[in-house]
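run.cif (mmCIF, C-alpha atoms) appears below.
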data_final
#
loop_
_atom_site.group_PDB
_atom_site.id
_atom_site.type_symbol
_atom_site.label_atom_id
_atom_site.label_comp_id
_atom_site.auth_asym_id
_atom_site.auth_seq_id
_atom_site.Cartn_x
_atom_site.Cartn_y
_atom_site.Cartn_z
ATOM 1 C CA MET C 273 -86.206 9.532 -102.678
ATOM 2 C CA THR C 274 -84.938 9.987 -99.181
ATOM 3 C CA GLY C 275 -87.127 10.724 -96.219
ATOM 4 C CA ILE C 276 -86.376 13.961 -94.343
ATOM 5 C CA ASN C 277 -88.396 16.112 -91.967
ATOM 6 C CA THR C 278 -88.208 19.209 -94.109
ATOM 7 C CA MET C 279 -86.980 20.024 -97.569
ATOM 8 C CA THR C 280 -84.539 22.936 -97.514
ATOM 9 C CA PHE C 281 -82.328 24.732 -99.975
ATOM 10 C CA GLN C 282 -80.597 28.093 -99.750
ATOM 11 C CA VAL C 283 -81.783 30.460 -102.467
ATOM 12 C CA HIS C 284 -81.538 34.201 -103.072
ATOM 13 C CA HIS C 285 -82.163 36.592 -100.157
ATOM 14 C CA ASP C 286 -81.727 33.816 -97.565
ATOM 15 C CA LYS C 287 -85.105 32.255 -98.323
ATOM 16 C CA ARG C 288 -85.694 28.665 -97.296
ATOM 17 C CA VAL C 289 -88.175 26.117 -98.550
ATOM 18 C CA LYS C 290 -89.807 23.512 -96.329
ATOM 19 C CA ILE C 291 -92.522 20.881 -96.587
ATOM 20 C CA SER C 292 -93.665 19.370 -93.307
ATOM 21 C CA ASN C 293 -97.472 19.813 -93.296
ATOM 22 C CA ILE C 294 -99.533 18.922 -96.385
ATOM 23 C CA LEU C 295 -103.221 19.722 -96.840
ATOM 24 C CA ALA C 296 -104.719 17.143 -99.224
ATOM 25 C CA LEU C 297 -108.165 18.084 -100.540
ATOM 26 C CA THR C 298 -110.545 15.346 -101.622
ATOM 27 C CA ASP C 299 -114.099 15.071 -102.922
ATOM 28 C CA PHE C 300 -113.712 11.293 -103.396
ATOM 29 C CA SER C 301 -113.694 11.513 -107.205
ATOM 30 C CA LYS C 302 -111.142 9.706 -109.396
ATOM 31 C CA ASP C 303 -109.466 13.037 -110.087
ATOM 32 C CA SER C 304 -108.957 13.865 -106.419
ATOM 33 C CA GLU C 305 -107.805 10.283 -105.834
ATOM 34 C CA ARG C 306 -104.889 10.965 -108.196
ATOM 35 C CA ALA C 307 -104.133 14.189 -106.316
ATOM 36 C CA LEU C 308 -104.192 12.282 -103.026
ATOM 37 C CA ASP C 309 -101.683 9.756 -104.412
ATOM 38 C CA TYR C 310 -99.239 12.624 -105.056
ATOM 39 C CA ALA C 311 -99.867 14.101 -101.615
ATOM 40 C CA LEU C 312 -99.224 10.773 -99.907
ATOM 41 C CA ALA C 313 -96.077 10.091 -101.934
ATOM 42 C CA LEU C 314 -94.690 13.513 -101.049
ATOM 43 C CA ALA C 315 -95.604 13.044 -97.390
ATOM 44 C CA ARG C 316 -93.655 9.774 -97.328
ATOM 45 C CA ALA C 317 -90.698 11.296 -99.149
ATOM 46 C CA TYR C 318 -90.394 14.254 -96.799
ATOM 47 C CA ASP C 319 -91.775 12.703 -93.604
ATOM 48 C CA ALA C 320 -94.588 15.248 -93.608
ATOM 49 C CA ARG C 321 -97.938 15.184 -91.832
ATOM 50 C CA ILE C 322 -101.015 14.789 -94.039
ATOM 51 C CA TYR C 323 -104.233 16.664 -93.336
ATOM 52 C CA LEU C 324 -106.836 14.760 -95.356
ATOM 53 C CA THR C 325 -109.568 17.326 -95.912
ATOM 54 C CA HIS C 326 -113.087 17.345 -97.305
ATOM 55 C CA VAL C 327 -115.231 20.475 -97.194
ATOM 56 C CA ILE C 328 -119.023 20.311 -97.308
ATOM 57 C CA THR C 329 -120.098 23.539 -99.004
ATOM 58 C CA PRO C 330 -123.548 25.143 -98.625
ATOM 59 C CA ASP C 331 -124.052 25.661 -102.393
ATOM 60 C CA PRO C 332 -126.333 22.649 -103.077
ATOM 61 C CA PHE C 333 -128.687 23.642 -100.245
ATOM 62 C CA ALA C 334 -128.934 27.396 -100.861
ATOM 63 C CA TYR C 335 -132.243 27.343 -102.746
ATOM 64 C CA ALA C 336 -133.881 24.248 -101.249
ATOM 65 C CA GLU C 337 -136.892 24.218 -98.948
ATOM 66 C CA PRO C 338 -135.727 24.035 -95.291
ATOM 67 C CA GLY C 339 -136.995 20.477 -94.712
ATOM 68 C CA TYR C 340 -135.598 19.173 -97.972
ATOM 69 C CA ALA C 341 -132.308 20.987 -97.428
ATOM 70 C CA GLU C 342 -131.875 19.279 -94.060
ATOM 71 C CA ILE C 343 -132.459 15.835 -95.555
ATOM 72 C CA THR C 344 -130.102 16.568 -98.431
ATOM 73 C CA TYR C 345 -127.439 17.884 -96.076
ATOM 74 C CA GLU C 346 -127.586 14.767 -93.920
ATOM 75 C CA LYS C 347 -127.182 12.575 -96.998
ATOM 76 C CA VAL C 348 -124.189 14.621 -98.184
ATOM 77 C CA LYS C 349 -122.593 14.460 -94.743
ATOM 78 C CA GLN C 350 -123.121 10.696 -94.510
ATOM 79 C CA ALA C 351 -121.607 10.251 -97.979
ATOM 80 C CA ALA C 352 -118.595 12.351 -96.963
ATOM 81 C CA GLU C 353 -118.087 10.320 -93.795
ATOM 82 C CA GLN C 354 -118.308 7.135 -95.857
ATOM 83 C CA GLY C 355 -115.779 8.504 -98.348
ATOM 84 C CA ILE C 356 -113.318 9.360 -95.595
ATOM 85 C CA GLY C 357 -113.870 5.942 -94.055
ATOM 86 C CA ASP C 358 -113.147 4.210 -97.358
ATOM 87 C CA ILE C 359 -109.829 6.048 -97.682
ATOM 88 C CA LEU C 360 -108.827 5.107 -94.137
ATOM 89 C CA ILE C 361 -109.840 1.447 -94.626
ATOM 90 C CA SER C 362 -107.838 1.291 -97.863
ATOM 91 C CA GLY C 363 -104.632 1.628 -95.841
ATOM 92 C CA LYS C 364 -103.280 4.462 -97.994
ATOM 93 C CA LEU C 365 -102.427 6.501 -94.908
ATOM 94 C CA ARG C 366 -100.764 3.624 -93.081
ATOM 95 C CA GLY C 367 -97.425 4.659 -91.599
ATOM 96 C CA LEU C 368 -98.054 8.374 -92.135
ATOM 97 C CA ALA C 369 -98.692 11.000 -89.500
ATOM 98 C CA HIS C 370 -102.142 12.207 -90.461
ATOM 99 C CA GLU C 371 -105.301 13.950 -89.367
ATOM 100 C CA VAL C 372 -108.748 13.814 -90.963
ATOM 101 C CA LEU C 373 -110.615 17.109 -91.338
ATOM 102 C CA LEU C 374 -114.299 17.055 -92.307
ATOM 103 C CA GLU C 375 -115.228 20.724 -92.522
ATOM 104 C CA GLU C 376 -118.284 22.786 -93.491
ATOM 105 C CA GLY C 377 -118.529 26.217 -95.111
ATOM 106 C CA ASN C 378 -117.260 28.264 -98.027
ATOM 107 C CA LEU C 379 -114.460 26.229 -99.576
ATOM 108 C CA TRP C 380 -111.812 28.933 -99.853
ATOM 109 C CA GLN C 381 -112.565 30.443 -96.440
ATOM 110 C CA VAL C 382 -112.278 27.035 -94.795
ATOM 111 C CA ILE C 383 -109.016 26.243 -96.602
ATOM 112 C CA GLN C 384 -107.569 29.623 -95.677
ATOM 113 C CA GLN C 385 -108.340 29.011 -91.996
ATOM 114 C CA LEU C 386 -106.853 25.507 -92.110
ATOM 115 C CA ILE C 387 -103.641 26.758 -93.753
ATOM 116 C CA ARG C 388 -103.145 29.184 -90.880
ATOM 117 C CA LYS C 389 -104.262 26.864 -88.080
ATOM 118 C CA HIS C 390 -102.095 23.908 -89.112
ATOM 119 C CA GLU C 391 -99.176 25.886 -90.591
ATOM 120 C CA ILE C 392 -99.653 24.198 -93.957
ATOM 121 C CA ASP C 393 -96.623 24.241 -96.269
ATOM 122 C CA LEU C 394 -98.293 22.707 -99.321
ATOM 123 C CA VAL C 395 -101.864 22.277 -100.572
ATOM 124 C CA VAL C 396 -102.530 19.421 -102.999
ATOM 125 C CA ALA C 397 -105.715 19.599 -105.052
ATOM 126 C CA GLY C 398 -107.190 18.204 -108.244
ATOM 127 C CA THR C 399 -108.709 20.333 -111.006
ATOM 128 C CA HIS C 400 -111.935 18.546 -111.687
ATOM 129 C CA GLY C 401 -115.679 18.596 -111.276
ATOM 130 C CA ARG C 402 -118.760 16.527 -111.920
ATOM 131 C CA GLY C 403 -121.245 16.949 -114.757
ATOM 132 C CA GLU C 404 -122.504 20.486 -115.276
ATOM 133 C CA MET C 405 -120.505 21.678 -112.267
ATOM 134 C CA LYS C 406 -117.198 20.917 -113.978
ATOM 135 C CA LYS C 407 -116.689 24.267 -115.698
ATOM 136 C CA MET C 408 -117.557 26.270 -112.591
ATOM 137 C CA LEU C 409 -115.275 24.231 -110.356
ATOM 138 C CA LEU C 410 -112.399 24.375 -112.824
ATOM 139 C CA GLY C 411 -112.782 28.101 -113.308
ATOM 140 C CA SER C 412 -113.197 29.176 -109.715
ATOM 141 C CA VAL C 413 -112.306 26.779 -106.926
ATOM 142 C CA ALA C 414 -108.932 25.457 -108.069
ATOM 143 C CA GLU C 415 -107.748 28.812 -109.350
ATOM 144 C CA GLU C 416 -109.072 30.628 -106.287
ATOM 145 C CA ILE C 417 -106.993 28.348 -104.080
ATOM 146 C CA PHE C 418 -103.670 28.828 -105.818
ATOM 147 C CA ARG C 419 -104.230 32.534 -106.507
ATOM 148 C CA GLN C 420 -104.809 33.249 -102.807
ATOM 149 C CA ALA C 421 -103.108 30.503 -100.763
ATOM 150 C CA SER C 422 -100.128 31.762 -98.783
ATOM 151 C CA CYS C 423 -98.350 28.455 -99.387
ATOM 152 C CA PRO C 424 -97.591 26.716 -102.697
ATOM 153 C CA VAL C 425 -100.306 24.602 -104.318
ATOM 154 C CA LEU C 426 -99.701 21.384 -106.234
ATOM 155 C CA THR C 427 -102.473 21.037 -108.806
ATOM 156 C CA VAL C 428 -103.148 17.627 -110.342
ATOM 157 C CA GLY C 429 -105.097 18.027 -113.565
ATOM 158 C CA PRO C 430 -107.452 15.656 -115.386
ATOM 159 C CA ALA C 431 -104.877 14.901 -118.119
ATOM 160 C CA ILE C 432 -102.662 13.002 -115.660
ATOM 161 C CA VAL C 433 -102.984 9.222 -115.757
ATOM 162 C CA ALA C 434 -103.462 7.399 -112.470
ATOM 163 C CA GLU C 435 -100.243 5.395 -112.809
ATOM 164 C CA ALA C 436 -98.155 8.577 -112.909
ATOM 165 C CA ALA C 437 -99.094 9.484 -109.353
ATOM 166 C CA LYS C 438 -97.886 6.266 -107.752
ATOM 167 C CA GLY C 439 -94.128 6.803 -107.873
ATOM 168 C CA THR C 440 -93.916 10.594 -107.789
ATOM 169 C CA GLU C 441 -90.347 10.669 -109.032
ATOM 170 C CA PHE C 442 -89.629 14.150 -110.369
ATOM 171 C CA LYS C 443 -86.745 13.422 -112.743
ATOM 172 C CA ASN C 444 -87.542 16.182 -115.243
ATOM 173 C CA ILE C 445 -88.676 19.529 -113.835
ATOM 174 C CA LEU C 446 -89.783 22.532 -115.867
ATOM 175 C CA PHE C 447 -89.580 25.950 -114.232
ATOM 176 C CA ALA C 448 -91.487 28.538 -116.279
ATOM 177 C CA THR C 449 -91.067 32.192 -115.349
ATOM 178 C CA ASN C 450 -91.884 35.709 -116.488
ATOM 179 C CA PHE C 451 -89.404 37.139 -113.935
ATOM 180 C CA GLY C 452 -92.314 38.428 -111.852
ATOM 181 C CA ARG C 453 -92.681 38.830 -108.091
ATOM 182 C CA ALA C 454 -93.094 35.105 -107.479
ATOM 183 C CA ALA C 455 -90.097 34.043 -109.577
ATOM 184 C CA ASP C 456 -87.471 33.827 -106.850
ATOM 185 C CA ARG C 457 -89.708 31.963 -104.414
ATOM 186 C CA ALA C 458 -90.952 29.575 -107.095
ATOM 187 C CA LEU C 459 -87.390 28.867 -108.211
ATOM 188 C CA GLY C 460 -86.537 27.868 -104.642
ATOM 189 C CA TYR C 461 -89.043 25.039 -104.879
ATOM 190 C CA ALA C 462 -87.867 24.007 -108.344
ATOM 191 C CA LEU C 463 -84.265 23.883 -107.125
ATOM 192 C CA SER C 464 -85.186 21.989 -103.967
ATOM 193 C CA PHE C 465 -87.113 19.304 -105.849
ATOM 194 C CA ALA C 466 -84.329 19.087 -108.433
ATOM 195 C CA GLN C 467 -81.761 18.623 -105.698
ATOM 196 C CA GLU C 468 -83.782 15.979 -103.870
ATOM 197 C CA HIS C 469 -84.472 13.995 -107.051
ATOM 198 C CA ALA C 470 -81.168 14.637 -108.868
ATOM 199 C CA ALA C 471 -83.390 15.919 -111.656
ATOM 200 C CA LYS C 472 -82.847 17.707 -114.911
ATOM 201 C CA LEU C 473 -84.122 21.259 -114.462
ATOM 202 C CA THR C 474 -85.257 23.257 -117.492
ATOM 203 C CA LEU C 475 -85.724 26.980 -116.966
ATOM 204 C CA LEU C 476 -88.051 28.583 -119.520
ATOM 205 C CA HIS C 477 -89.082 32.117 -120.407
ATOM 206 C CA VAL C 478 -91.695 32.694 -123.097
ATOM 207 C CA VAL C 479 -91.721 35.891 -125.167
ATOM 208 C CA GLU C 480 -95.283 36.437 -126.370
ATOM 209 C CA ASP C 481 -94.977 39.667 -128.369
ATOM 210 C CA ALA C 482 -92.141 38.879 -130.782
ATOM 211 C CA ALA C 483 -94.046 38.726 -134.095
ATOM 212 C CA ALA C 484 -92.648 42.019 -135.469
ATOM 213 C CA HIS C 485 -88.976 41.304 -134.689
ATOM 214 C CA THR C 486 -86.306 40.339 -137.202
ATOM 215 C CA ASP C 487 -84.368 37.064 -136.970
ATOM 216 C CA GLU C 488 -81.460 38.981 -135.501
ATOM 217 C CA GLY C 489 -83.764 40.671 -133.011
ATOM 218 C CA LEU C 490 -85.188 37.324 -131.972
ATOM 219 C CA ARG C 491 -81.697 35.922 -131.492
ATOM 220 C CA ARG C 492 -80.697 38.858 -129.320
ATOM 221 C CA GLN C 493 -83.872 38.548 -127.264
ATOM 222 C CA ARG C 494 -83.331 34.832 -126.813
ATOM 223 C CA ASP C 495 -79.723 35.339 -125.695
ATOM 224 C CA HIS C 496 -80.755 38.159 -123.338
ATOM 225 C CA PHE C 497 -83.412 36.152 -121.541
ATOM 226 C CA ILE C 498 -81.246 33.041 -121.360
ATOM 227 C CA GLU C 499 -78.622 35.134 -119.575
ATOM 228 C CA LEU C 500 -81.273 36.353 -117.145
ATOM 229 C CA LEU C 501 -82.317 32.749 -116.481
ATOM 230 C CA LYS C 502 -78.711 31.744 -115.846
ATOM 231 C CA GLU C 503 -78.296 34.584 -113.360
ATOM 232 C CA MET C 504 -81.208 33.205 -111.324
ATOM 233 C CA VAL C 505 -79.511 29.881 -110.629
ATOM 234 C CA PRO C 506 -77.008 29.730 -107.730
ATOM 235 C CA GLU C 507 -73.411 28.864 -108.539
ATOM 236 C CA GLY C 508 -72.626 25.183 -108.199
ATOM 237 C CA SER C 509 -76.163 24.028 -109.061
ATOM 238 C CA GLU C 510 -74.745 21.926 -111.888
ATOM 239 C CA ASN C 511 -73.094 19.732 -109.232
ATOM 240 C CA TRP C 512 -76.456 18.271 -108.160
ATOM 241 C CA CYS C 513 -78.843 18.915 -111.039
ATOM 242 C CA GLU C 514 -78.731 19.449 -114.791
ATOM 243 C CA PRO C 515 -79.916 23.006 -115.528
ATOM 244 C CA GLU C 516 -80.923 23.868 -119.084
ATOM 245 C CA PHE C 517 -82.021 27.327 -120.228
ATOM 246 C CA ARG C 518 -84.643 27.964 -122.906
ATOM 247 C CA THR C 519 -86.398 30.976 -124.409
ATOM 248 C CA THR C 520 -89.279 30.446 -126.835
ATOM 249 C CA PHE C 521 -91.674 32.726 -128.714
ATOM 250 C CA GLY C 522 -95.458 32.444 -128.895
ATOM 251 C CA PRO C 523 -98.541 32.144 -126.645
ATOM 252 C CA ALA C 524 -97.281 31.444 -123.119
ATOM 253 C CA THR C 525 -99.726 28.670 -122.254
ATOM 254 C CA GLU C 526 -99.108 26.788 -125.475
ATOM 255 C CA GLU C 527 -95.326 27.165 -125.246
ATOM 256 C CA ILE C 528 -95.184 25.992 -121.625
ATOM 257 C CA LEU C 529 -97.347 22.943 -122.334
ATOM 258 C CA ASN C 530 -95.268 22.109 -125.433
ATOM 259 C CA MET C 531 -92.024 22.441 -123.469
ATOM 260 C CA ALA C 532 -93.435 20.228 -120.717
ATOM 261 C CA GLN C 533 -94.070 17.531 -123.304
ATOM 262 C CA GLU C 534 -90.724 18.028 -125.051
ATOM 263 C CA THR C 535 -88.768 17.708 -121.806
ATOM 264 C CA LYS C 536 -91.022 14.899 -120.526
ATOM 265 C CA ALA C 537 -91.639 16.967 -117.418
ATOM 266 C CA ASP C 538 -92.779 15.189 -114.261
ATOM 267 C CA LEU C 539 -93.428 18.542 -112.600
ATOM 268 C CA VAL C 540 -94.009 22.128 -113.753
ATOM 269 C CA VAL C 541 -93.213 24.944 -111.329
ATOM 270 C CA MET C 542 -94.633 28.439 -111.893
ATOM 271 C CA GLY C 543 -95.326 31.657 -110.065
ATOM 272 C CA ALA C 544 -98.972 32.691 -109.607
ATOM 273 C CA LYS C 545 -100.295 36.217 -109.407
ATOM 274 C CA THR C 546 -102.040 37.202 -106.203
ATOM 275 C CA SER C 547 -105.753 37.939 -106.529
ATOM 276 C CA THR C 548 -108.387 38.688 -103.920
ATOM 277 C CA SER C 549 -111.234 38.753 -106.435
ATOM 278 C CA PHE C 550 -113.430 35.788 -107.245
ATOM 279 C CA ALA C 551 -111.285 33.943 -109.769
ATOM 280 C CA GLY C 552 -114.191 32.622 -111.783
ATOM 281 C CA HIS C 553 -115.199 36.177 -112.708
ATOM 282 C CA ALA C 554 -111.838 36.982 -114.331
ATOM 283 C CA PRO C 555 -110.072 35.615 -117.406
ATOM 284 C CA LEU C 556 -108.227 32.411 -116.605
ATOM 285 C CA THR C 557 -104.564 32.965 -115.809
ATOM 286 C CA ILE C 558 -101.688 31.338 -117.661
ATOM 287 C CA ALA C 559 -100.761 29.346 -114.547
ATOM 288 C CA TYR C 560 -104.285 28.029 -114.104
ATOM 289 C CA THR C 561 -104.678 27.065 -117.773
ATOM 290 C CA VAL C 562 -101.369 25.208 -117.706
ATOM 291 C CA ALA C 563 -102.396 23.408 -114.498
ATOM 292 C CA ALA C 564 -105.708 22.368 -116.035
ATOM 293 C CA HIS C 565 -104.134 20.866 -119.171
ATOM 294 C CA ALA C 566 -100.653 19.631 -118.211
ATOM 295 C CA ARG C 567 -99.897 15.908 -118.212
ATOM 296 C CA CYS C 568 -97.965 16.306 -114.972
ATOM 297 C CA PRO C 569 -98.653 18.152 -111.702
ATOM 298 C CA VAL C 570 -98.142 21.906 -111.612
ATOM 299 C CA LEU C 571 -96.725 23.610 -108.521
ATOM 300 C CA THR C 572 -97.815 27.237 -108.305
ATOM 301 C CA VAL C 573 -96.151 29.624 -105.898
ATOM 302 C CA ARG C 574 -97.798 32.935 -105.125
ATOM 303 C CA GLY C 575 -95.832 36.176 -105.382
#
Show me the file's structure as structure tokens.
Amino acid sequence: MTGINTMTFQVHHDKRVKISNILALTDFSKDSERALDYALALARAYDARIYLTHVITPDPFAYAEPGYAEITYEKVKQAAEQGIGDILISGKLRGLAHEVLLEEGNLWQVIQQLIRKHEIDLVVAGTHGRGEMKKMLLGSVAEEIFRQASCPVLTVGPAIVAEAAKGTEFKNILFATNFGRAADRALGYALSFAQEHAAKLTLLHVVEDAAAHTDEGLRRQRDHFIELLKEMVPEGSENWCEPEFRTTFGPATEEILNMAQETKADLVVMGAKTSTSFAGHAPLTIAYTVAAHARCPVLTVRG
């Protein structure tokens, strides 16, 4: 991969893609360590600045006695400072433009403020949790970030092995789309990564409600959506990547995960629906479920 200040590619409607400021979230777990490896590799590839961020949230102290809460808070803060120190001592950030942010407050509100303040182009986060908190964190925090962040979010799920994060070579990219509002913007990122990595790019649309159709009807639907996928890709794309167009039938999450395995995807790119509600109180979205189970990172781009 070559190092450049920003990653750009001309897509429909004169939209441009860039990555120059990356917000890397960490809670010092093994899962977030894998996410940090991806963030650092991308920062080196695109000569981007890393904002290494840990947020101390008030949740653990909400119902504690004032004196006990203060002691607990100090211990949590000391542990966070130690965790940041360990990352810095490890040398992982050596040679990278970086800034360390140790913040306090509601996780999403803090992240939202940091995205605006530092003009963040990409948030990198792990989907993970500890013990009994795992389900809550998976169902709310990670999804809340990529459903509301104004910039794309690279989610590194628990199914990804540590070794995969070291090289961060995206040679096989899967772009899954329902032709929604985020499709064009998400495709810009898929095309840009494919161009930078000379990757094979598979464009996929899943038809979920095809059970009652005849074989001929299915064939016509498949051909129709493949044509729509082809129309999305700029002319000449085959000169620098290998586009392939697929339409499958079945549950969207299952089909996307199966296609990711079939194509040996190193990266899945998807659009994400905008939501201002608390994500944990709504059914999990297709994008979130894919991100939580994929064996490669998932880049979600909000519509």
Per residue of stretch 445-486 of chain C within 12 Å of stretch 312-331 of chain C, note the shortest atom pair and the distance in Å to one decimal, counting all atoms listed in the file, and order the rows by chain and increasing residue number, as JSON lines.
{"residue": "C:Ser464", "atom": "CA", "partner": "C:Tyr318", "partner_atom": "CA", "distance": 11.8}
{"residue": "C:Phe465", "atom": "CA", "partner": "C:Leu314", "partner_atom": "CA", "distance": 10.7}
{"residue": "C:Glu468", "atom": "CA", "partner": "C:Ala317", "partner_atom": "CA", "distance": 9.6}
{"residue": "C:His469", "atom": "CA", "partner": "C:Ala317", "partner_atom": "CA", "distance": 10.4}
7 Å contact set for stretch 295-307 of chain C, only C-alpha atoms, chain neighbours under 6 positions out, as a ChimeraX atom specification: /C:322-326,355,392,394-398,400,428,430,434,437
Skipping near chain neighbours, those fewer than 4 positions away, what residues fall within 12 Å of C:Arg491 using all atoms listed in the file, listed as a short mmCIF file (atom, residue, chain, number, x, y, z; two decimals) with C-alpha atoms, keeping the file's coordinate frame?
data_model
loop_
_atom_site.label_atom_id
_atom_site.label_comp_id
_atom_site.auth_asym_id
_atom_site.auth_seq_id
_atom_site.Cartn_x
_atom_site.Cartn_y
_atom_site.Cartn_z
CA VAL C 479 -91.72 35.89 -125.17
CA ALA C 482 -92.14 38.88 -130.78
CA HIS C 485 -88.98 41.30 -134.69
CA THR C 486 -86.31 40.34 -137.20
CA ASP C 487 -84.37 37.06 -136.97
CA ASP C 495 -79.72 35.34 -125.70
CA HIS C 496 -80.76 38.16 -123.34
CA PHE C 497 -83.41 36.15 -121.54
CA ILE C 498 -81.25 33.04 -121.36
CA THR C 519 -86.40 30.98 -124.41
CA THR C 520 -89.28 30.45 -126.84
CA PHE C 521 -91.67 32.73 -128.71
#
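The interatomic distance for the pair atom CA of C:Arg453 and atom CA of C:Val573 works out to 10.1 Å.
Atom pair atom CA of C:Thr525 / atom CA of C:Leu475: separated by 15.1 Å.
Across C:Ala421, C:Leu529, C:Leu446, C:Leu360, the tightest approach to C:Asp393 is made by C:Ala421 when counting all atoms listed in the file.
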What residues come out when you apply the PyMOL selection byres ((chain C and resi 447) around 7) to this file, written as a list in words? Ile445, Leu446, Ala448, Thr449, Ala462, Thr474, Leu475, Leu476, Val540, Val541 and Met542 of chain C
If you keep C-alpha atoms, can you produce a file of those selected residues as an mmCIF file, in the frame of the given file?
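New file out-v6.cif:
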data_model
loop_
_atom_site.group_PDB
_atom_site.id
_atom_site.type_symbol
_atom_site.label_atom_id
_atom_site.label_comp_id
_atom_site.auth_asym_id
_atom_site.auth_seq_id
_atom_site.Cartn_x
_atom_site.Cartn_y
_atom_site.Cartn_z
ATOM 1 C CA ILE C 445 -88.676 19.529 -113.835
ATOM 2 C CA LEU C 446 -89.783 22.532 -115.867
ATOM 3 C CA ALA C 448 -91.487 28.538 -116.279
ATOM 4 C CA THR C 449 -91.067 32.192 -115.349
ATOM 5 C CA ALA C 462 -87.867 24.007 -108.344
ATOM 6 C CA THR C 474 -85.257 23.257 -117.492
ATOM 7 C CA LEU C 475 -85.724 26.980 -116.966
ATOM 8 C CA LEU C 476 -88.051 28.583 -119.520
ATOM 9 C CA VAL C 540 -94.009 22.128 -113.753
ATOM 10 C CA VAL C 541 -93.213 24.944 -111.329
ATOM 11 C CA MET C 542 -94.633 28.439 -111.893
#
Work out how far apart atom CA of C:Gly363 and atom CA of C:Ser292 are and give it in Å to one decimal. 21.0 Å
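Nearest to C:Asp309 of all the residues C:Ala466, C:Ile558, C:Leu365, C:Leu539 is C:Leu365, counting only C-alpha atoms.
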